file upload_1.txt (compact mmCIF, C-alpha atoms and all ligand atoms)
# COMPACT_ATOMS: atom_id res chain seq x y z
CA MET A 1 95.48 108.58 112.63
CA LYS A 2 93.27 105.49 112.81
CA VAL A 3 93.18 102.51 110.47
CA THR A 4 90.79 99.55 110.45
CA VAL A 5 91.51 96.25 108.77
CA VAL A 6 88.40 94.13 108.23
CA GLY A 7 89.22 90.42 108.10
CA ALA A 8 91.80 88.97 110.50
CA GLY A 9 92.73 86.11 108.20
CA ALA A 10 95.98 85.68 106.31
CA VAL A 11 95.86 88.89 104.26
CA GLY A 12 94.19 91.07 106.90
CA ALA A 13 96.62 90.08 109.65
CA THR A 14 99.65 90.53 107.37
CA THR A 15 98.42 93.95 106.24
CA ALA A 16 97.87 94.96 109.87
CA ASP A 17 101.28 93.64 110.91
CA ASN A 18 103.00 95.66 108.18
CA ILE A 19 101.05 98.79 109.15
CA ALA A 20 101.99 98.41 112.82
CA ARG A 21 105.66 97.64 112.18
CA ALA A 22 105.96 100.75 110.02
CA GLY A 23 104.26 102.86 112.73
CA LEU A 24 101.85 104.29 110.18
CA CYS A 25 99.08 105.20 112.65
CA GLN A 26 98.41 105.64 116.36
CA GLU A 27 95.36 103.36 116.39
CA LEU A 28 94.84 100.14 114.46
CA VAL A 29 91.64 98.10 114.74
CA ILE A 30 91.34 94.59 113.33
CA LEU A 31 87.77 93.31 112.93
CA ASP A 32 86.57 89.83 112.06
CA ILE A 33 83.27 87.99 112.23
CA LYS A 34 84.90 84.92 113.81
CA GLU A 35 84.65 85.11 117.60
CA GLY A 36 87.96 86.01 119.26
CA LEU A 37 90.11 85.81 116.10
CA ALA A 38 90.74 89.55 115.70
CA GLU A 39 91.24 90.07 119.44
CA GLY A 40 93.75 87.21 119.56
CA LYS A 41 95.74 88.38 116.54
CA ALA A 42 95.72 91.98 117.82
CA GLN A 43 97.12 90.87 121.19
CA ASP A 44 99.74 88.68 119.50
CA MET A 45 100.84 91.63 117.35
CA MET A 46 100.86 93.99 120.34
CA GLN A 47 103.21 91.57 122.08
CA THR A 48 105.76 92.16 119.28
CA SER A 49 105.75 95.88 120.07
CA ALA A 50 108.31 95.61 122.92
CA LEU A 51 110.57 93.62 120.61
CA LEU A 52 110.15 95.66 117.44
CA GLY A 53 109.69 99.09 119.02
CA PHE A 54 106.54 100.44 117.39
CA ASP A 55 103.94 102.56 119.17
CA THR A 56 100.75 101.71 117.28
CA ARG A 57 97.95 100.57 119.61
CA ILE A 58 96.34 97.49 118.06
CA THR A 59 92.96 96.22 119.19
CA GLY A 60 90.69 93.49 117.89
CA SER A 61 86.93 93.37 117.56
CA THR A 62 84.44 90.60 116.85
CA ASN A 63 82.10 92.36 114.47
CA ASP A 64 81.61 95.44 116.71
CA TYR A 65 81.86 98.30 114.23
CA SER A 66 81.61 100.97 116.92
CA LYS A 67 85.29 100.12 117.67
CA THR A 68 86.19 101.16 114.13
CA ALA A 69 84.50 104.57 114.37
CA GLY A 70 86.39 107.54 112.98
CA SER A 71 88.85 105.51 110.92
CA ASP A 72 90.84 107.47 108.34
CA VAL A 73 91.54 104.41 106.22
CA VAL A 74 89.76 101.04 106.14
CA VAL A 75 91.15 97.97 104.39
CA ILE A 76 88.60 95.29 103.44
CA THR A 77 90.07 91.79 103.29
CA SER A 78 87.04 89.84 104.55
CA GLY A 79 85.84 86.97 102.39
CA ILE A 80 86.87 83.54 101.24
CA PRO A 81 90.09 82.92 99.31
CA ARG A 82 90.30 80.57 96.33
CA LYS A 83 91.57 77.01 96.45
CA PRO A 84 93.90 75.46 93.84
CA GLY A 85 92.20 75.17 90.45
CA MET A 86 89.67 77.92 91.14
CA THR A 87 89.52 81.38 89.60
CA ARG A 88 89.07 84.52 91.70
CA GLU A 89 85.78 85.11 89.86
CA GLU A 90 84.28 81.96 91.41
CA LEU A 91 84.34 83.70 94.81
CA ILE A 92 81.76 86.29 93.81
CA GLY A 93 78.71 84.46 95.19
CA THR A 94 80.06 84.40 98.75
CA ASN A 95 82.20 87.53 98.81
CA ALA A 96 79.74 90.00 97.29
CA GLY A 97 77.40 89.68 100.28
CA ILE A 98 80.30 89.98 102.72
CA VAL A 99 81.87 93.02 101.06
CA LYS A 100 78.54 94.85 100.68
CA GLY A 101 77.66 94.35 104.36
CA VAL A 102 81.14 95.34 105.53
CA ALA A 103 81.24 98.47 103.33
CA GLU A 104 77.87 99.64 104.66
CA ASN A 105 78.94 99.12 108.29
CA ILE A 106 82.19 100.97 107.65
CA LEU A 107 80.39 103.90 106.07
CA ALA A 108 77.98 104.16 109.02
CA ASN A 109 80.87 104.39 111.49
CA SER A 110 83.61 106.13 109.50
CA PRO A 111 81.90 108.39 106.96
CA ASN A 112 85.19 110.11 106.05
CA ALA A 113 87.26 107.00 105.53
CA ILE A 114 89.19 106.07 102.42
CA ILE A 115 88.42 102.43 101.64
CA ILE A 116 90.91 99.98 100.17
CA VAL A 117 89.27 96.82 98.79
CA ILE A 118 91.32 93.62 98.67
CA SER A 119 88.67 90.86 98.72
CA ASN A 120 88.25 88.98 95.42
CA PRO A 121 87.13 89.20 92.70
CA MET A 122 88.69 92.54 93.54
CA ASP A 123 87.65 94.65 90.50
CA THR A 124 84.01 93.74 90.98
CA MET A 125 84.21 94.06 94.79
CA THR A 126 85.64 97.57 94.34
CA TYR A 127 82.75 98.49 92.03
CA LEU A 128 80.32 97.01 94.56
CA ALA A 129 81.87 98.96 97.46
CA LEU A 130 81.60 102.16 95.43
CA GLN A 131 77.96 101.49 94.59
CA SER A 132 76.89 100.40 98.05
CA THR A 133 78.56 103.31 99.89
CA GLY A 134 78.02 106.06 97.32
CA LEU A 135 81.35 107.54 98.44
CA PRO A 136 83.20 109.97 96.18
CA LYS A 137 85.17 107.93 93.64
CA ASN A 138 88.59 109.02 94.94
CA ARG A 139 87.93 107.33 98.27
CA ILE A 140 87.45 103.80 96.92
CA ILE A 141 90.65 102.04 95.85
CA GLY A 142 91.00 98.42 94.77
CA MET A 143 94.33 96.76 95.55
CA GLY A 144 95.50 94.37 92.84
CA GLY A 145 97.79 96.19 90.43
CA ALA A 146 100.24 97.13 93.20
CA LEU A 147 100.66 93.43 93.97
CA ASP A 148 100.73 92.34 90.33
CA SER A 149 103.35 95.01 89.54
CA ALA A 150 105.53 93.75 92.42
CA ARG A 151 105.20 90.22 91.02
CA PHE A 152 106.07 91.54 87.55
CA LYS A 153 109.28 93.06 88.96
CA TYR A 154 110.04 89.79 90.75
CA GLN A 155 109.71 87.86 87.47
CA LEU A 156 111.83 90.43 85.63
CA SER A 157 114.49 90.31 88.35
CA THR A 158 114.86 86.54 88.13
CA HIS A 159 115.53 86.76 84.37
CA LEU A 160 117.77 89.81 84.64
CA ASN A 161 119.49 88.61 87.83
CA CYS A 162 119.06 92.04 89.34
CA SER A 163 117.48 93.74 92.34
CA PRO A 164 113.67 94.07 91.98
CA SER A 165 113.96 97.55 93.48
CA ASP A 166 116.09 98.66 90.51
CA LEU A 167 113.19 97.85 88.20
CA ASN A 168 110.21 99.81 87.01
CA GLY A 169 107.21 97.92 85.73
CA ILE A 170 103.48 98.23 85.95
CA VAL A 171 100.53 95.88 85.48
CA ILE A 172 97.19 97.40 84.52
CA GLY A 173 93.74 96.03 83.66
CA GLY A 174 91.81 93.53 85.77
CA HIS A 175 93.22 91.53 88.68
CA GLY A 176 92.46 88.19 87.06
CA ASP A 177 94.53 85.34 85.62
CA THR A 178 93.58 86.37 82.07
CA THR A 179 92.62 90.04 82.54
CA MET A 180 95.82 91.62 83.85
CA ILE A 181 98.17 93.39 81.45
CA PRO A 182 101.87 93.56 82.39
CA LEU A 183 103.09 96.53 80.32
CA ILE A 184 106.45 95.06 79.26
CA ARG A 185 106.97 97.86 76.72
CA TYR A 186 107.24 100.32 79.61
CA ALA A 187 109.36 98.17 81.92
CA THR A 188 112.84 99.48 82.62
CA TRP A 189 115.98 98.44 84.49
CA ASN A 190 117.16 101.72 85.96
CA SER A 191 115.79 103.66 82.97
CA ALA A 192 116.96 101.26 80.24
CA PRO A 193 114.13 99.33 78.53
CA VAL A 194 114.20 95.69 79.66
CA SER A 195 113.85 94.71 75.98
CA ASN A 196 117.54 95.71 75.65
CA PHE A 197 118.44 92.71 77.81
CA LEU A 198 115.69 90.13 77.25
CA SER A 199 114.74 88.06 74.22
CA GLU A 200 111.18 88.16 72.87
CA GLU A 201 110.70 84.68 74.27
CA GLN A 202 111.88 85.70 77.75
CA GLN A 203 109.57 88.72 77.71
CA LYS A 204 106.59 86.54 76.79
CA GLN A 205 107.46 84.10 79.58
CA ILE A 206 107.73 86.93 82.15
CA VAL A 207 104.33 88.31 81.14
CA ALA A 208 102.72 84.85 81.28
CA ASP A 209 104.26 84.00 84.68
CA THR A 210 103.19 87.36 86.11
CA MET A 211 99.60 86.83 85.01
CA VAL A 212 99.33 83.50 86.82
CA GLY A 213 101.36 84.69 89.82
CA GLY A 214 98.44 84.31 92.24
CA ALA A 215 97.34 80.95 90.81
CA THR A 216 100.89 79.57 91.01
CA LEU A 217 101.11 80.42 94.71
CA THR A 218 97.62 79.07 95.39
CA LYS A 219 98.67 75.74 93.88
CA LEU A 220 101.84 75.63 95.97
CA ILE A 221 100.32 76.77 99.28
CA GLY A 222 96.81 75.29 99.01
CA THR A 223 95.21 78.69 99.59
CA SER A 224 96.04 82.10 98.17
CA ALA A 225 99.04 84.24 99.07
CA TRP A 226 99.33 86.80 101.88
CA TYR A 227 102.87 88.18 102.33
CA ALA A 228 103.03 90.24 99.14
CA PRO A 229 99.28 91.09 99.26
CA GLY A 230 99.68 92.31 102.85
CA ALA A 231 102.76 94.34 101.95
CA ALA A 232 100.92 95.88 98.97
CA GLY A 233 97.89 96.76 101.12
CA ALA A 234 100.11 98.43 103.71
CA ALA A 235 102.03 100.31 100.99
CA LEU A 236 98.76 101.91 99.86
CA VAL A 237 97.84 102.80 103.46
CA LYS A 238 101.27 104.42 103.86
CA ALA A 239 100.91 106.42 100.65
CA ILE A 240 97.58 107.79 101.89
CA LEU A 241 98.55 108.54 105.51
CA ARG A 242 101.88 110.11 104.54
CA ASP A 243 100.43 111.89 101.51
CA GLU A 244 103.22 110.40 99.42
CA LYS A 245 101.78 111.18 95.96
CA LYS A 246 103.19 107.81 94.96
CA LEU A 247 102.27 106.12 91.70
CA PHE A 248 100.62 102.70 91.89
CA SER A 249 98.43 100.68 89.60
CA CYS A 250 95.09 100.63 91.43
CA CYS A 251 91.54 99.68 90.59
CA VAL A 252 89.50 102.89 90.39
CA LEU A 253 86.34 104.16 88.75
CA LEU A 254 86.89 105.09 85.12
CA GLU A 255 84.78 107.81 83.58
CA GLY A 256 86.13 107.79 80.05
CA GLU A 257 89.83 107.35 80.93
CA TYR A 258 91.46 104.58 78.90
CA GLY A 259 88.28 104.52 76.79
CA GLN A 260 86.12 102.99 79.55
CA LYS A 261 83.38 104.17 81.84
CA ASP A 262 81.14 102.85 84.65
CA ILE A 263 83.75 100.27 85.60
CA CYS A 264 86.52 99.95 88.20
CA LEU A 265 89.73 98.74 86.62
CA GLY A 266 93.48 98.92 87.25
CA VAL A 267 95.23 102.01 85.89
CA PRO A 268 98.23 104.09 87.01
CA VAL A 269 97.13 106.52 89.73
CA VAL A 270 98.74 108.91 92.18
CA ILE A 271 97.93 108.03 95.79
CA GLY A 272 97.92 110.67 98.52
CA LYS A 273 95.90 111.99 101.43
CA ASN A 274 92.72 112.27 99.33
CA GLY A 275 92.84 108.66 98.18
CA TRP A 276 93.54 108.27 94.47
CA GLU A 277 94.16 111.79 93.22
CA LYS A 278 94.96 111.51 89.54
CA ILE A 279 94.88 108.94 86.73
CA LEU A 280 97.92 108.96 84.47
CA ASP A 281 97.49 108.40 80.75
CA TYR A 282 100.16 105.93 79.58
CA SER A 283 99.21 106.29 75.90
CA LEU A 284 98.58 102.63 75.21
CA ASN A 285 99.40 101.36 71.75
CA GLU A 286 96.76 99.56 69.68
CA THR A 287 97.56 96.09 71.02
CA GLU A 288 97.62 97.24 74.65
CA GLN A 289 94.36 99.16 74.25
CA ALA A 290 92.72 96.09 72.69
CA GLU A 291 93.90 94.01 75.69
CA PHE A 292 92.56 96.67 78.06
CA ASN A 293 89.18 96.65 76.32
CA LYS A 294 89.05 92.85 76.50
CA SER A 295 89.89 93.00 80.19
CA ALA A 296 87.12 95.57 80.71
CA ASP A 297 84.63 93.30 78.92
CA ALA A 298 85.46 90.43 81.28
CA VAL A 299 85.21 92.59 84.41
CA ARG A 300 81.96 94.16 83.18
CA ALA A 301 80.50 90.65 82.75
CA MET A 302 81.39 89.95 86.41
CA ASN A 303 79.84 93.26 87.48
CA ASP A 304 76.66 92.16 85.71
CA VAL A 305 76.62 89.01 87.84
CA LEU A 306 76.11 91.29 90.87
CA LYS A 307 72.61 92.08 89.57
CA THR A 308 71.70 88.39 89.68
CA LEU A 309 72.81 87.72 93.28
N1 LIG B 1 93.32 91.81 95.75
C1 LIG B 1 94.38 91.05 95.98
O1 LIG B 1 95.46 91.29 95.45
C2 LIG B 1 94.28 89.88 96.91
C3 LIG B 1 95.43 89.22 97.37
C4 LIG B 1 95.29 88.16 98.25
C5 LIG B 1 94.01 87.76 98.68
N2 LIG B 1 92.93 88.41 98.22
C6 LIG B 1 91.59 88.08 98.69
O2 LIG B 1 91.47 88.52 100.04
C7 LIG B 1 90.47 87.76 100.68
C8 LIG B 1 91.00 87.24 102.01
O3 LIG B 1 92.00 86.31 101.81
P1 LIG B 1 92.68 85.58 103.07
O4 LIG B 1 93.74 84.69 102.54
O5 LIG B 1 93.02 86.57 104.10
O6 LIG B 1 91.45 84.68 103.59
P2 LIG B 1 91.24 84.13 105.07
O7 LIG B 1 90.20 83.07 105.00
O8 LIG B 1 92.54 83.82 105.69
O9 LIG B 1 90.64 85.38 105.85
C9 LIG B 1 89.40 85.95 105.57
C10 LIG B 1 88.80 86.40 106.86
O10 LIG B 1 87.58 87.10 106.59
C11 LIG B 1 86.73 86.88 107.68
N3 LIG B 1 85.35 87.22 107.36
C12 LIG B 1 84.47 86.55 106.59
N4 LIG B 1 83.29 87.19 106.56
C13 LIG B 1 83.44 88.31 107.30
C14 LIG B 1 82.59 89.40 107.63
N5 LIG B 1 81.34 89.46 107.17
N6 LIG B 1 83.07 90.36 108.42
C15 LIG B 1 84.33 90.32 108.88
N7 LIG B 1 85.19 89.32 108.61
C16 LIG B 1 84.75 88.32 107.83
C17 LIG B 1 86.93 85.40 107.99
O11 LIG B 1 86.46 85.05 109.28
C18 LIG B 1 88.43 85.27 107.83
O12 LIG B 1 89.12 85.42 109.05
C19 LIG B 1 90.07 86.67 99.71
O13 LIG B 1 88.88 87.03 99.02
C20 LIG B 1 91.23 86.62 98.73
O14 LIG B 1 90.88 86.11 97.48
C21 LIG B 1 93.04 89.45 97.35
O1 LIG B 2 95.37 84.58 93.76
C1 LIG B 2 94.46 84.86 94.53
O2 LIG B 2 93.36 84.30 94.49
C2 LIG B 2 94.68 85.86 95.62
C3 LIG B 2 95.17 87.17 95.13
O3 LIG B 2 94.31 87.77 94.22
C4 LIG B 2 96.58 87.11 94.62
O4 LIG B 2 96.81 87.56 93.49
O5 LIG B 2 97.45 86.64 95.36
call {"tool": "encode", "arguments": {"input": "upload_1.txt", "output": "structure tokens"}}
result
Amino acid sequence: MKVTVVGAGAVGATTADNIARAGLCQELVILDIKEGLAEGKAQDMMQTSALLGFDTRITGSTNDYSKTAGSDVVVITSGIPRKPGMTREELIGTNAGIVKGVAENILANSPNAIIIVISNPMDTMTYLALQSTGLPKNRIIGMGGALDSARFKYQLSTHLNCSPSDLNGIVIGGHGDTTMIPLIRYATWNSAPVSNFLSEEQQKQIVADTMVGGATLTKLIGTSAWYAPGAAGAALVKAILRDEKKLFSCCVLLEGEYGQKDICLGVPVVIGKNGWEKILDYSLNETEQAEFNKSADAVRAMNDVLKTL
């Protein structure tokens, strides 16, 4: 199996590192436009192999897409991150051109690849990748909900004083500070609804803190996060390569599901060897559906910006 990670920056390198450490593929290519960066990070990672005991061969490439040929999965992380005080949406002007060019180069060299889009604004970049490659919908997956759901469980765990891995919780909708929807009604602590243990006020706080999870880290670090994003990207790669049929919230093309069409938005999907294989219907209540529709309106407005660039 062969995986390419485009972008050797914070998120790309962390995704690649997680993929290598887990031994998910035989060949791993990291590509970046910045001279020497991908080669250097690939060598550095390869030098951990004797210490960590993985067998993945990692190579780097400065914008030579022939090195990525025949990839089974490609993760796109290229593009600028936000600075404190910015929204993800403000990145569209720079990142749309980058993501479009990268997606076209990937398609030309790996026509059978499944593409995972991480670059922001992720929902719109996923839609753009789908449009510019014309790939079957199941092979374009936006990564945002997997990260937001992990952050949701982190927030829940701090209030419940429990292990995040004992929790179930999912965030759907857009991957934006105001567009994501942590589905607290469905969150459980080992099957028991979290509402059994948390006040209304605590639940509201957890939802609010989850929604600004990325912004909070950006303010603290000075640029956006990479450890959890890289782990989430690698988790999706693993689910595909190992055909796990694992459920994640991912940004995928909707064709009437959840009342929306011609838009890529976060919904619960099953991930396996074919990419996203099935959308699950969580039967949203009226409030949740209204939030989902509002989120779709905001993402659609960003998708419309693409036409003006
Ligand atoms: N979807 C998510 O959940 C999520 C999470 C974290 C970050 N992000 C996004 O991921 C992107 C990357 O974040 P980062 O922190 O790694 O940024 P970074 O600046 O550390 O790395 C980005 C890399 O992309 C490279 N690049 C730029 N143009 C390129 C091109 N045309 N071809 C190949 N490489 C190119 C840059 O040289 C740089 O090394 C940002 O847009 C950020 O907002 C998304
Ligand atoms: O917050 C950001 O801008 C990066 C990313 O989308 C995140 O959620 O960490």
call {"tool": "residues_near_ligand", "arguments": {"input": "upload_1.txt", "ligand": "ligand LIG 1 (chain B)", "cutoff": "6 Å", "atoms": "all atoms listed in the file", "output": "list of chain:residue names"}}
result
A:Val6, A:Gly7, A:Ala8, A:Gly9, A:Ala10, A:Val11, A:Gly12, A:Asp32, A:Ile33, A:Lys34, A:Thr77, A:Ser78, A:Gly79, A:Ile80, A:Pro81, A:Arg82, A:Ile98, A:Ile118, A:Ser119, A:Asn120, A:Met122, A:Met143, A:Gly144, A:Leu147, A:Ser224, A:Ala225, A:Trp226, A:Pro229
call {"tool": "closest_residue", "arguments": {"input": "upload_1.txt", "among": "A:Thr126, A:Thr179, A:Ser249, A:Ser165", "to": "Phe292 of chain A", "atoms": "only C-alpha atoms"}}
result
A:Thr179
call {"tool": "residues_around", "arguments": {"input": "upload_1.txt", "residues": "Val99 of chain A", "least_positions_apart": "3", "cutoff": "8 Å", "atoms": "only C-alpha atoms", "output": "compact mmCIF listing (two decimals) with C-alpha atoms, keeping the file's coordinate frame"}}
result
# COMPACT_ATOMS: atom_id res chain seq x y z
CA ILE A 76 88.60 95.29 103.44
CA SER A 78 87.04 89.84 104.55
CA GLY A 79 85.84 86.97 102.39
CA ASN A 95 82.20 87.53 98.81
CA ALA A 96 79.74 90.00 97.29
CA VAL A 102 81.14 95.34 105.53
CA ALA A 103 81.24 98.47 103.33
CA SER A 119 88.67 90.86 98.72
CA MET A 125 84.21 94.06 94.79
CA LEU A 128 80.32 97.01 94.56
CA ALA A 129 81.87 98.96 97.46
call {"tool": "atom_distance", "arguments": {"input": "upload_1.txt", "atom1": "atom CA of Val252 of chain A", "atom2": "atom CA of Asp64 of chain A"}}
result
28.5 Å
call {"tool": "closest_residue", "arguments": {"input": "upload_1.txt", "among": "A:Leu306, A:Met45, A:Leu31, A:Ala150", "to": "ligand LIG 2 (chain B)", "atoms": "only C-alpha atoms and all ligand atoms"}}
result
A:Ala150
